[in-house]
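To start, the structure under review is shown below, and the notes come after it.
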Amino acid sequence: IGACKPDKYPFQSKVKYNLEQLRPFIHMRAHVDIFASIMRFRSRLVLSFHDYFHSQGFHHIHTPIITTNNCEGGCETFEVVTNQQQQQQQSNSSSSEIRSKFFNKSAYLTASAQLHLEAMTSTLGKVYTMSPTFRAEKSMTKHHLAEFYMLEVESIDMNELDQLIDLAEHMVKEVGKQVLAKFDRQELDQLYMTSMGSVAFKRAQKLEKEQSKYFDFLQTIINNESKRFARISYEEAIEILNGSKEKSGAKRLQFGDDFSKEQENSLVDHFNGTPGFIKLYPRSLKPFYMRRNERDERLVDNFDLLVPKVGEIVGGSLREHRLDVLKEAMTREKLSVDSYSSYLETKEFGGMKLGGFGLGVERFMQFLLNIDNIR
C-alpha cells in the first residue's frame with residue numbers, strides 16, 4: 001500500500017490497543033481496526049437517522065454554524081474573531097472598533113440550531129438537522145466534548161407533550177434497531193472490549209459476558225414496541241431521589257434543584273436500568289423558549305430522556321408560541337428583546353404550536369455501544 005518504517009511506526013501488529021492508548025495518535029487512528037469499526041458504525045447511524053426522518057415526512061435543513069445569538073442562554077459559547085480583531089483586543093481597542101472590522105455585531109459558533117429550524121416550520125411543517133455544535137465549558141470529564149454533533153428536530157401540530165415524547169421514543173427505538181441490525185454481533189462485542197482498556201484475562205472474560213448481556217438487554221428495549229419507556233414528572237423524580245437520600249442521610253433535594261449526573265444514573269436505576277423520561281421541569285431551570293405549562297405556571301412542558309450509564313441523551317419541549325408569554329420569559333431571564341427580534345417575528349406573524357428536541361449523536365453512540373468515555 002505504501003512505505004512504512006517499522007522502527008518508527010507507533011503500533012505493533014500483535015498488540016490490541018484501547019481507545020485511551022490511541023488518543024495521542026489522532027492522525028493515525030484510522031490504521032487501527034477498533035477506530036475503523038467505530039467510524040463504520042457512526043456512518044451507518046447517521047444514515048439511519050436520515051432514513052428515519054425521511055420516512056416520517058421530515059425535511060432536512062442546513063442551518064448556520066456562525067450565529068449572532070445564543071439559543072441555550074446559560075451555556076458558554078465560542079466567539080468568532082479574526083486575527084486582526086484578536087490583536088486589537090490584546091492592544092485594548094474598544095469593542096466597537098473590533099466589531100466593525102468584520103461583523104457589525106458579535107458572532108459565535110452555534111450552540112443550537114433550534115431557532116433557525118423553528119423559522120422553517122412555517123412552510124415545511126416538519127424539519128430536522130444534524131450539524132456540528134459547540135460548547136465552551138472548560139470541562140475535561142468523560143462526558144464532555146467542546147465540539148459534537150447534534151440532531152435537532154422541530155414539528156408543527158405538537159399540542160400535547162406526550163406527542164413529542166412519543167416521537168422521541170419511536171425515533172430512539174427505530175434508529176437503534178436499524179443500526180444494530182447492520183452490524184455483526186461479534187464486531188459489536190469487540191468494539192466494547194477494545195474500548196474498555198487493558199485488563200486481566202479473567203476480568204476480560206467476565207466483562208465480555210457482561211457486554212453480551214448488555215446487547216441482549218438493549219435488543220429487548222428497542223424491539224419492544226408495546227412497552228413504553230418510563231415517564232415521570234420532575235417532582236416525582238425529586239421524591240424518588242429524596243427517598244434514597246433518607247437512607248444515606250444526604251441533603252434532600254428541593255423544588256428548583258437540578259439533577260447531577262449521579263442523580264440521573266440513580267433515576268435510571270429506579271427504572272430497573274431501562275431508559276426513562278423526566279418531564280415538567282421548573283421554569284427557572286430551563287431556557288425562555290419552552291412553553292409554560294397551563295396547569296402549573298411554575299413548570300414548562302419539557303422532557304429529558306435518561307439512559308443507562310450515559311444519563312441524558314435527548315432533551316426537548318413544546319415551544320412557546322404566545323408572544324406576550326415569550327417576551328415575559330425573556331425579560332425574566334434578562335435577555336435583550338432586540339437581539340431576538342427576528343425570532344419574535346416568527347411568532348408574531350403566523351406563529352403556530354411547535355415542539356422539538358435535540359439528541360447528542362456521540363452520547364447516543366455511547367448508549368448503543370456501552371462505551372464509557374465519550375472522547
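Ligands are numbered from 1 in the order shown, chains are lettered A, B, ... in the order of the C-alpha cells, and residues start at 1 in each chain.
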- Message: Excluding region 343-347 of chain A and its own-chain neighbours fewer than 4 positions away, which residues fall within 9 Å of it when counting only C-alpha atoms? Please give them as a list in words.
- Response: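 Close residues of region 343-347 of chain A: Leu115, His116, Glu118, Ala119, Ser122, Glu320, His321, Arg322, Leu323, Leu326, Lys327, Val337, Ser339, Gly351 and Met352 of chain A.
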Would you mind exporting all heavy atoms of the selected residues as an mmCIF file, in the first residue's frame?
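Dumped to again-v6.cif:
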```cif
data_model
loop_
_atom_site.group_PDB
_atom_site.id
_atom_site.type_symbol
_atom_site.label_atom_id
_atom_site.label_comp_id
_atom_site.auth_asym_id
_atom_site.auth_seq_id
_atom_site.Cartn_x
_atom_site.Cartn_y
_atom_site.Cartn_z
ATOM 1 N N LEU A 115 -33.530 27.747 16.863
ATOM 2 C CA LEU A 115 -34.275 28.942 16.448
ATOM 3 C C LEU A 115 -34.361 29.035 14.928
ATOM 4 O O LEU A 115 -35.371 29.475 14.378
ATOM 5 C CB LEU A 115 -33.632 30.196 17.034
ATOM 6 C CG LEU A 115 -33.456 30.228 18.569
ATOM 7 C CD1 LEU A 115 -33.038 31.620 19.018
ATOM 8 C CD2 LEU A 115 -34.727 29.799 19.290
ATOM 9 N N HIS A 116 -33.315 28.623 14.228
ATOM 10 C CA HIS A 116 -33.337 28.616 12.764
ATOM 11 C C HIS A 116 -34.333 27.571 12.253
ATOM 12 O O HIS A 116 -35.058 27.802 11.282
ATOM 13 C CB HIS A 116 -31.942 28.321 12.220
ATOM 14 C CG HIS A 116 -30.928 29.369 12.556
ATOM 15 N ND1 HIS A 116 -30.890 30.587 11.926
ATOM 16 C CD2 HIS A 116 -29.926 29.391 13.467
ATOM 17 C CE1 HIS A 116 -29.899 31.319 12.420
ATOM 18 N NE2 HIS A 116 -29.300 30.609 13.367
ATOM 19 N N GLU A 118 -37.002 26.441 13.833
ATOM 20 C CA GLU A 118 -38.372 26.901 14.099
ATOM 21 C C GLU A 118 -38.874 27.804 12.973
ATOM 22 O O GLU A 118 -40.043 27.733 12.576
ATOM 23 C CB GLU A 118 -38.432 27.645 15.437
ATOM 24 C CG GLU A 118 -38.432 26.731 16.652
ATOM 25 C CD GLU A 118 -38.782 27.483 17.917
ATOM 26 O OE1 GLU A 118 -39.711 28.313 17.879
ATOM 27 O OE2 GLU A 118 -38.110 27.263 18.943
ATOM 28 N N ALA A 119 -37.983 28.645 12.464
ATOM 29 C CA ALA A 119 -38.384 29.577 11.399
ATOM 30 C C ALA A 119 -38.789 28.833 10.128
ATOM 31 O O ALA A 119 -39.608 29.318 9.347
ATOM 32 C CB ALA A 119 -37.235 30.542 11.100
ATOM 33 N N SER A 122 -42.804 27.124 9.319
ATOM 34 C CA SER A 122 -43.995 27.818 8.804
ATOM 35 C C SER A 122 -44.341 27.366 7.386
ATOM 36 O O SER A 122 -45.507 27.397 6.992
ATOM 37 C CB SER A 122 -43.774 29.339 8.832
ATOM 38 O OG SER A 122 -42.641 29.681 8.056
ATOM 39 N N GLU A 320 -42.815 27.839 23.131
ATOM 40 C CA GLU A 320 -43.746 28.912 23.500
ATOM 41 C C GLU A 320 -44.112 29.701 22.250
ATOM 42 O O GLU A 320 -43.247 30.308 21.605
ATOM 43 C CB GLU A 320 -43.114 29.831 24.543
ATOM 44 C CG GLU A 320 -44.058 30.874 25.093
ATOM 45 C CD GLU A 320 -45.323 30.234 25.680
ATOM 46 O OE1 GLU A 320 -45.249 29.641 26.772
ATOM 47 O OE2 GLU A 320 -46.382 30.339 25.002
ATOM 48 N N HIS A 321 -45.396 29.688 21.895
ATOM 49 C CA HIS A 321 -45.869 30.380 20.692
ATOM 50 C C HIS A 321 -46.590 31.682 21.018
ATOM 51 O O HIS A 321 -46.868 32.477 20.130
ATOM 52 C CB HIS A 321 -46.824 29.471 19.911
ATOM 53 C CG HIS A 321 -48.035 29.081 20.703
ATOM 54 N ND1 HIS A 321 -47.979 28.160 21.724
ATOM 55 C CD2 HIS A 321 -49.328 29.493 20.638
ATOM 56 C CE1 HIS A 321 -49.181 28.013 22.254
ATOM 57 N NE2 HIS A 321 -50.027 28.806 21.615
ATOM 58 N N ARG A 322 -46.886 31.906 22.307
ATOM 59 C CA ARG A 322 -47.617 33.113 22.711
ATOM 60 C C ARG A 322 -46.611 34.252 22.909
ATOM 61 O O ARG A 322 -45.740 34.186 23.769
ATOM 62 C CB ARG A 322 -48.393 32.846 23.996
ATOM 63 C CG ARG A 322 -49.467 31.782 23.831
ATOM 64 C CD ARG A 322 -49.948 31.234 25.148
ATOM 65 N NE ARG A 322 -48.904 30.465 25.858
ATOM 66 C CZ ARG A 322 -49.112 29.759 26.956
ATOM 67 N NH1 ARG A 322 -50.326 29.733 27.500
ATOM 68 N NH2 ARG A 322 -48.130 29.100 27.524
ATOM 69 N N LEU A 323 -46.757 35.281 22.096
ATOM 70 C CA LEU A 323 -45.760 36.349 22.055
ATOM 71 C C LEU A 323 -45.591 37.039 23.404
ATOM 72 O O LEU A 323 -44.462 37.308 23.839
ATOM 73 C CB LEU A 323 -46.155 37.371 20.982
ATOM 74 C CG LEU A 323 -45.068 38.361 20.557
ATOM 75 C CD1 LEU A 323 -43.863 37.636 19.995
ATOM 76 C CD2 LEU A 323 -45.631 39.339 19.518
ATOM 77 N N LEU A 326 -43.741 34.788 25.813
ATOM 78 C CA LEU A 326 -42.349 34.660 25.384
ATOM 79 C C LEU A 326 -41.535 35.889 25.799
ATOM 80 O O LEU A 326 -40.423 35.772 26.331
ATOM 81 C CB LEU A 326 -42.313 34.488 23.865
ATOM 82 C CG LEU A 326 -41.030 33.980 23.219
ATOM 83 C CD1 LEU A 326 -40.587 32.664 23.822
ATOM 84 C CD2 LEU A 326 -41.226 33.835 21.713
ATOM 85 N N LYS A 327 -42.090 37.078 25.592
ATOM 86 C CA LYS A 327 -41.382 38.305 25.988
ATOM 87 C C LYS A 327 -41.212 38.376 27.495
ATOM 88 O O LYS A 327 -40.173 38.818 27.991
ATOM 89 C CB LYS A 327 -42.149 39.531 25.479
ATOM 90 C CG LYS A 327 -42.042 39.733 23.972
ATOM 91 C CD LYS A 327 -42.801 40.995 23.551
ATOM 92 C CE LYS A 327 -42.648 41.260 22.073
ATOM 93 N NZ LYS A 327 -43.401 42.474 21.637
ATOM 94 N N VAL A 337 -34.585 41.777 24.208
ATOM 95 C CA VAL A 337 -35.657 41.514 23.246
ATOM 96 C C VAL A 337 -35.212 41.918 21.844
ATOM 97 O O VAL A 337 -35.529 41.241 20.859
ATOM 98 C CB VAL A 337 -36.943 42.265 23.655
ATOM 99 C CG1 VAL A 337 -38.016 42.124 22.578
ATOM 100 C CG2 VAL A 337 -37.463 41.728 24.988
ATOM 101 N N SER A 339 -32.260 41.712 20.547
ATOM 102 C CA SER A 339 -31.349 40.709 19.982
ATOM 103 C C SER A 339 -32.106 39.535 19.376
ATOM 104 O O SER A 339 -31.581 38.836 18.509
ATOM 105 C CB SER A 339 -30.397 40.195 21.072
ATOM 106 O OG SER A 339 -29.603 41.245 21.573
ATOM 107 N N GLY A 351 -47.426 32.619 14.044
ATOM 108 C CA GLY A 351 -46.801 31.646 14.941
ATOM 109 C C GLY A 351 -47.737 30.487 15.270
ATOM 110 O O GLY A 351 -48.926 30.684 15.529
ATOM 111 N N MET A 352 -47.203 29.263 15.226
ATOM 112 C CA MET A 352 -48.010 28.068 15.474
ATOM 113 C C MET A 352 -47.478 27.318 16.687
ATOM 114 O O MET A 352 -46.381 27.586 17.168
ATOM 115 C CB MET A 352 -47.951 27.140 14.252
ATOM 116 C CG MET A 352 -48.563 27.722 13.001
ATOM 117 S SD MET A 352 -48.203 26.680 11.561
ATOM 118 C CE MET A 352 -46.491 27.091 11.266
#
```
- Spatial neighbours of region 161-170 of chain A, max dist 7 Å, only C-alpha atoms, sep filter under 2 positions, as a list in words: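 Listing them by chain and then by number gives Met158, Asn159, Val172, Lys173, Glu174, Asp301, Leu318 and Gly355 of chain A.
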Convert the current residue selection to file output with N, CA, C and O atoms, as a JSON list (two decimals), in the first residue's frame.
```
[["chain", "number", "residue", "atom", "x", "y", "z"],
["A", 158, "MET", "N", -47.82, 20.11, 17.45],
["A", 158, "MET", "CA", -47.49, 19.47, 18.72],
["A", 158, "MET", "C", -48.29, 20.18, 19.81],
["A", 158, "MET", "O", -47.88, 21.22, 20.32],
["A", 159, "ASN", "N", -49.44, 19.60, 20.12],
["A", 159, "ASN", "CA", -50.34, 20.23, 21.08],
["A", 159, "ASN", "C", -50.18, 19.70, 22.50],
["A", 159, "ASN", "O", -50.52, 20.38, 23.46],
["A", 172, "VAL", "N", -35.72, 6.80, 18.84],
["A", 172, "VAL", "CA", -34.64, 6.07, 19.52],
["A", 172, "VAL", "C", -34.73, 4.58, 19.24],
["A", 172, "VAL", "O", -33.73, 3.92, 18.92],
["A", 173, "LYS", "N", -35.93, 4.03, 19.33],
["A", 173, "LYS", "CA", -36.10, 2.60, 19.12],
["A", 173, "LYS", "C", -35.86, 2.21, 17.66],
["A", 173, "LYS", "O", -35.16, 1.23, 17.37],
["A", 174, "GLU", "N", -36.44, 2.96, 16.72],
["A", 174, "GLU", "CA", -36.33, 2.59, 15.31],
["A", 174, "GLU", "C", -34.91, 2.77, 14.78],
["A", 174, "GLU", "O", -34.40, 1.90, 14.06],
["A", 301, "ASP", "N", -43.45, 22.68, 29.72],
["A", 301, "ASP", "CA", -43.78, 21.41, 29.06],
["A", 301, "ASP", "C", -42.54, 20.88, 28.34],
["A", 301, "ASP", "O", -42.36, 21.11, 27.14],
["A", 318, "LEU", "N", -42.24, 21.47, 24.21],
["A", 318, "LEU", "CA", -43.14, 22.26, 23.39],
["A", 318, "LEU", "C", -42.59, 23.68, 23.39],
["A", 318, "LEU", "O", -42.01, 24.13, 24.38],
["A", 355, "GLY", "N", -43.18, 21.84, 18.63],
["A", 355, "GLY", "CA", -42.44, 21.07, 19.60],
["A", 355, "GLY", "C", -41.18, 20.54, 18.97],
["A", 355, "GLY", "O", -41.14, 20.31, 17.74]]
```
- Go through region 50-190 of chain A and collect every residue that DSSP, computed from the backbone, puts in alpha helix (DSSP H); the answer should be as a PyMOL selection string. chain A and resi 50-55+83-90+95-99+114-124+161-181+185-190
Write out, as JSON lines, each residue of region 253-352 of chain A that has an atom at most 9 Å from region 360-375 of chain A, together with the closest pair of atoms and their distance in Å to one decimal, counting only C-alpha atoms, rows going by chain and rising number.
```
{"residue": "A:Val307", "atom": "CA", "partner": "A:Phe367", "partner_atom": "CA", "distance": 7.1}
{"residue": "A:Pro308", "atom": "CA", "partner": "A:Phe367", "partner_atom": "CA", "distance": 7.1}
{"residue": "A:Lys309", "atom": "CA", "partner": "A:Asp372", "partner_atom": "CA", "distance": 7.4}
{"residue": "A:Val310", "atom": "CA", "partner": "A:Phe367", "partner_atom": "CA", "distance": 6.4}
{"residue": "A:Gly311", "atom": "CA", "partner": "A:Arg363", "partner_atom": "CA", "distance": 8.8}
{"residue": "A:Glu312", "atom": "CA", "partner": "A:Arg363", "partner_atom": "CA", "distance": 8.3}
{"residue": "A:Ile313", "atom": "CA", "partner": "A:Gly360", "partner_atom": "CA", "distance": 5.8}
{"residue": "A:Val314", "atom": "CA", "partner": "A:Gly360", "partner_atom": "CA", "distance": 6.9}
```
- Measure the distance from CA of Arg23 (chain A) to CA of Phe35 (chain A) in Å and round it to one decimal.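 If I compute the distance from CA of Arg23 (chain A) to CA of Phe35 (chain A), I get 10.4 Å.
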- Message: I'd like the contact shell of Glu333 (chain A) - 8 Å cut-off, only C-alpha atoms, skipping same-chain residues fewer than 3 positions apart - returned as a ChimeraX atom specification.
- Response: /A:288,329-330
- Residues near Lys138 (chain A), cut-off 12 Å, only C-alpha atoms, skip fewer than 5 positions along chain, as an MDAnalysis selection string: chainID A and resid 75:78 144:146
- Query: Near Asn272 (chain A), within 12 Å and counting only C-alpha atoms, which residues show up once chain neighbours fewer than 2 positions away are dropped, as an MDAnalysis selection string?
  - Reply: chainID A and resid 217 221 229:230 265:270 274:276 307:308
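For Leu22 (chain A), the list of residues within 12 Å, based on only C-alpha atoms and with local chain neighbours fewer than 3 positions off taken out, reads Pro10, Phe11, Lys16, Tyr17, Asn18, Leu19, Phe25, Ile26, His27, Met28, Arg29, Ala30, His31, Val32, Asp33, Ile34, Phe35, Thr194, Ser195, Gly197 and Arg375 of chain A.
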Saved selection, atoms kept: N, CA and C atoms, as an mmCIF file, in the first residue's frame:
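This is the output file result.cif:
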```cif
data_model
loop_
_atom_site.group_PDB
_atom_site.id
_atom_site.type_symbol
_atom_site.label_atom_id
_atom_site.label_comp_id
_atom_site.auth_asym_id
_atom_site.auth_seq_id
_atom_site.Cartn_x
_atom_site.Cartn_y
_atom_site.Cartn_z
ATOM 1 N N PRO A 10 4.077 3.724 15.176
ATOM 2 C CA PRO A 10 3.668 3.734 16.596
ATOM 3 C C PRO A 10 2.914 2.501 17.066
ATOM 4 N N PHE A 11 2.460 1.640 16.155
ATOM 5 C CA PHE A 11 1.655 0.487 16.550
ATOM 6 C C PHE A 11 2.372 -0.824 16.194
ATOM 7 N N LYS A 16 -3.194 -5.367 20.975
ATOM 8 C CA LYS A 16 -4.529 -4.774 20.940
ATOM 9 C C LYS A 16 -4.489 -3.425 21.655
ATOM 10 N N TYR A 17 -4.830 -2.354 20.967
ATOM 11 C CA TYR A 17 -4.796 -1.017 21.549
ATOM 12 C C TYR A 17 -6.210 -0.571 21.930
ATOM 13 N N ASN A 18 -6.330 0.046 23.106
ATOM 14 C CA ASN A 18 -7.625 0.582 23.502
ATOM 15 C C ASN A 18 -7.716 2.049 23.105
ATOM 16 N N LEU A 19 -8.876 2.618 23.293
ATOM 17 C CA LEU A 19 -9.110 3.989 22.829
ATOM 18 C C LEU A 19 -8.259 5.012 23.565
ATOM 19 N N PHE A 25 -2.628 9.608 19.126
ATOM 20 C CA PHE A 25 -2.331 9.430 17.708
ATOM 21 C C PHE A 25 -3.597 9.669 16.874
ATOM 22 N N ILE A 26 -4.208 10.839 17.059
ATOM 23 C CA ILE A 26 -5.464 11.141 16.377
ATOM 24 C C ILE A 26 -5.321 10.994 14.861
ATOM 25 N N HIS A 27 -4.168 11.419 14.332
ATOM 26 C CA HIS A 27 -3.953 11.381 12.891
ATOM 27 C C HIS A 27 -3.704 9.974 12.368
ATOM 28 N N MET A 28 -3.422 9.006 13.264
ATOM 29 C CA MET A 28 -3.087 7.643 12.848
ATOM 30 C C MET A 28 -4.151 6.624 13.254
ATOM 31 N N ARG A 29 -5.233 7.069 13.895
ATOM 32 C CA ARG A 29 -6.193 6.121 14.455
ATOM 33 C C ARG A 29 -6.864 5.246 13.386
ATOM 34 N N ALA A 30 -6.987 5.779 12.182
ATOM 35 C CA ALA A 30 -7.660 5.019 11.130
ATOM 36 C C ALA A 30 -6.884 3.763 10.730
ATOM 37 N N HIS A 31 -5.618 3.646 11.167
ATOM 38 C CA HIS A 31 -4.838 2.437 10.894
ATOM 39 C C HIS A 31 -5.295 1.252 11.743
ATOM 40 N N VAL A 32 -6.046 1.538 12.799
ATOM 41 C CA VAL A 32 -6.367 0.509 13.790
ATOM 42 C C VAL A 32 -7.825 0.080 13.638
ATOM 43 N N ASP A 33 -8.075 -1.226 13.709
ATOM 44 C CA ASP A 33 -9.404 -1.785 13.442
ATOM 45 C C ASP A 33 -10.504 -1.184 14.308
ATOM 46 N N ILE A 34 -10.218 -0.976 15.596
ATOM 47 C CA ILE A 34 -11.261 -0.505 16.521
ATOM 48 C C ILE A 34 -11.807 0.847 16.069
ATOM 49 N N PHE A 35 -10.920 1.747 15.638
ATOM 50 C CA PHE A 35 -11.376 3.071 15.232
ATOM 51 C C PHE A 35 -12.144 2.991 13.920
ATOM 52 N N THR A 194 -12.368 -3.592 23.213
ATOM 53 C CA THR A 194 -11.186 -2.794 22.925
ATOM 54 C C THR A 194 -11.251 -1.438 23.601
ATOM 55 N N SER A 195 -12.440 -0.878 23.708
ATOM 56 C CA SER A 195 -12.581 0.463 24.269
ATOM 57 C C SER A 195 -12.398 0.496 25.776
ATOM 58 N N GLY A 197 -10.139 -0.931 27.605
ATOM 59 C CA GLY A 197 -8.760 -0.871 28.069
ATOM 60 C C GLY A 197 -8.180 -2.235 28.389
ATOM 61 N N ARG A 375 -15.079 10.596 24.735
ATOM 62 C CA ARG A 375 -13.944 11.038 23.910
ATOM 63 C C ARG A 375 -13.408 9.912 23.034
#
```
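Distance check against Leu305 (chain A) using only C-alpha atoms: of A:Asn69, A:Thr129, A:Ser139, A:Ser317, the minimum falls on A:Ser317.
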- Item | region 90-325 of chain A: residues DSSP assigns to strand (DSSP E), reported as an MDAnalysis selection string | chainID A and resid 108:109 126:134 147:156 230:233 276:279 302:307 311:319
Go ahead and dump the residues you just picked, N, CA and C atoms, as a short mmCIF file (atom, residue, chain, number, x, y, z; two decimals), in the first residue's frame.
```cif
data_model
loop_
_atom_site.label_atom_id
_atom_site.label_comp_id
_atom_site.auth_asym_id
_atom_site.auth_seq_id
_atom_site.Cartn_x
_atom_site.Cartn_y
_atom_site.Cartn_z
N TYR A 108 -20.90 34.04 17.05
CA TYR A 108 -20.49 32.89 17.85
C TYR A 108 -20.64 31.61 17.03
N LEU A 109 -19.90 30.59 17.44
CA LEU A 109 -20.16 29.25 16.91
C LEU A 109 -21.43 28.74 17.55
N LYS A 126 -42.40 20.03 9.16
CA LYS A 126 -41.57 19.15 9.99
C LYS A 126 -40.15 19.16 9.44
N VAL A 127 -39.20 19.58 10.28
CA VAL A 127 -37.82 19.75 9.81
C VAL A 127 -36.84 19.19 10.84
N TYR A 128 -35.63 18.89 10.36
CA TYR A 128 -34.57 18.45 11.27
C TYR A 128 -33.22 18.82 10.67
N THR A 129 -32.19 18.80 11.50
CA THR A 129 -30.82 19.00 11.04
C THR A 129 -29.89 18.16 11.88
N MET A 130 -28.74 17.86 11.33
CA MET A 130 -27.68 17.21 12.08
C MET A 130 -26.40 17.97 11.76
N SER A 131 -25.88 18.69 12.74
CA SER A 131 -24.77 19.59 12.43
C SER A 131 -23.83 19.74 13.62
N PRO A 132 -22.60 20.26 13.37
CA PRO A 132 -21.68 20.50 14.48
C PRO A 132 -22.25 21.51 15.45
N THR A 133 -22.01 21.29 16.73
CA THR A 133 -22.49 22.16 17.79
C THR A 133 -21.33 22.38 18.76
N PHE A 134 -21.26 23.58 19.34
CA PHE A 134 -20.08 23.94 20.11
C PHE A 134 -20.47 24.46 21.49
N GLU A 147 -16.79 20.16 20.83
CA GLU A 147 -17.46 20.10 19.53
C GLU A 147 -18.12 18.73 19.40
N PHE A 148 -19.40 18.72 19.09
CA PHE A 148 -20.11 17.46 18.93
C PHE A 148 -21.20 17.64 17.89
N TYR A 149 -21.82 16.54 17.50
CA TYR A 149 -22.90 16.61 16.52
C TYR A 149 -24.24 16.50 17.23
N MET A 150 -25.14 17.39 16.87
CA MET A 150 -26.47 17.41 17.46
C MET A 150 -27.51 17.17 16.37
N LEU A 151 -28.39 16.21 16.64
CA LEU A 151 -29.58 16.03 15.82
C LEU A 151 -30.68 16.88 16.44
N GLU A 152 -31.26 17.80 15.67
CA GLU A 152 -32.31 18.68 16.21
C GLU A 152 -33.55 18.59 15.32
N VAL A 153 -34.70 18.56 15.97
CA VAL A 153 -35.98 18.29 15.31
C VAL A 153 -37.00 19.34 15.74
N GLU A 154 -37.79 19.84 14.79
CA GLU A 154 -38.91 20.74 15.10
C GLU A 154 -40.11 20.33 14.27
N SER A 155 -41.30 20.36 14.88
CA SER A 155 -42.50 19.93 14.17
C SER A 155 -43.70 20.76 14.60
N ILE A 156 -44.57 21.08 13.62
CA ILE A 156 -45.83 21.75 13.94
C ILE A 156 -46.83 20.72 14.47
N ALA A 230 -40.24 4.45 30.73
CA ALA A 230 -40.84 5.07 31.91
C ALA A 230 -41.04 6.56 31.68
N ARG A 231 -42.10 7.12 32.27
CA ARG A 231 -42.38 8.56 32.17
C ARG A 231 -42.83 9.06 33.53
N ILE A 232 -42.02 9.94 34.13
CA ILE A 232 -42.37 10.52 35.42
C ILE A 232 -42.12 12.02 35.37
N SER A 233 -42.73 12.75 36.30
CA SER A 233 -42.54 14.19 36.37
C SER A 233 -41.28 14.53 37.17
N GLY A 276 -35.72 6.24 30.61
CA GLY A 276 -36.91 6.85 31.18
C GLY A 276 -36.95 8.35 30.92
N PHE A 277 -38.16 8.89 30.78
CA PHE A 277 -38.36 10.32 30.55
C PHE A 277 -38.68 11.02 31.88
N ILE A 278 -38.02 12.15 32.11
CA ILE A 278 -38.36 13.06 33.20
C ILE A 278 -38.97 14.30 32.55
N LYS A 279 -40.18 14.69 32.96
CA LYS A 279 -40.86 15.79 32.28
C LYS A 279 -41.34 16.84 33.28
N ASN A 302 -41.69 20.20 29.09
CA ASN A 302 -40.43 19.72 28.52
C ASN A 302 -40.14 18.31 28.99
N PHE A 303 -39.06 17.72 28.46
CA PHE A 303 -38.64 16.40 28.92
C PHE A 303 -37.14 16.21 28.70
N ASP A 304 -36.56 15.31 29.47
CA ASP A 304 -35.22 14.78 29.24
C ASP A 304 -35.35 13.26 29.18
N LEU A 305 -34.65 12.62 28.26
CA LEU A 305 -34.60 11.17 28.20
C LEU A 305 -33.28 10.70 28.79
N LEU A 306 -33.37 9.91 29.86
CA LEU A 306 -32.19 9.37 30.53
C LEU A 306 -32.01 7.91 30.15
N VAL A 307 -30.75 7.52 29.91
CA VAL A 307 -30.45 6.13 29.56
C VAL A 307 -29.32 5.62 30.46
N GLY A 311 -26.72 8.88 31.00
CA GLY A 311 -27.56 9.95 31.52
C GLY A 311 -28.44 10.51 30.42
N GLU A 312 -28.53 11.84 30.32
CA GLU A 312 -29.42 12.46 29.33
C GLU A 312 -28.85 12.31 27.92
N ILE A 313 -29.67 11.84 26.98
CA ILE A 313 -29.26 11.82 25.57
C ILE A 313 -30.20 12.65 24.70
N VAL A 314 -31.43 12.90 25.17
CA VAL A 314 -32.37 13.73 24.40
C VAL A 314 -33.01 14.72 25.35
N GLY A 315 -33.12 15.97 24.91
CA GLY A 315 -33.86 16.98 25.66
C GLY A 315 -34.75 17.75 24.71
N GLY A 316 -36.01 17.99 25.13
CA GLY A 316 -36.92 18.68 24.23
C GLY A 316 -38.06 19.34 24.97
N SER A 317 -38.90 20.05 24.22
CA SER A 317 -40.04 20.73 24.83
C SER A 317 -41.03 21.16 23.77
N LEU A 318 -42.24 21.47 24.21
CA LEU A 318 -43.14 22.26 23.39
C LEU A 318 -42.59 23.68 23.39
N ARG A 319 -42.74 24.40 22.27
CA ARG A 319 -42.17 25.75 22.15
C ARG A 319 -43.24 26.80 22.48
#
```
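Minimum distance to Ala111 (chain A) across A:Gln56, A:Gly358, A:Glu208, A:Ser260 (counting only C-alpha atoms) occurs at A:Gly358.
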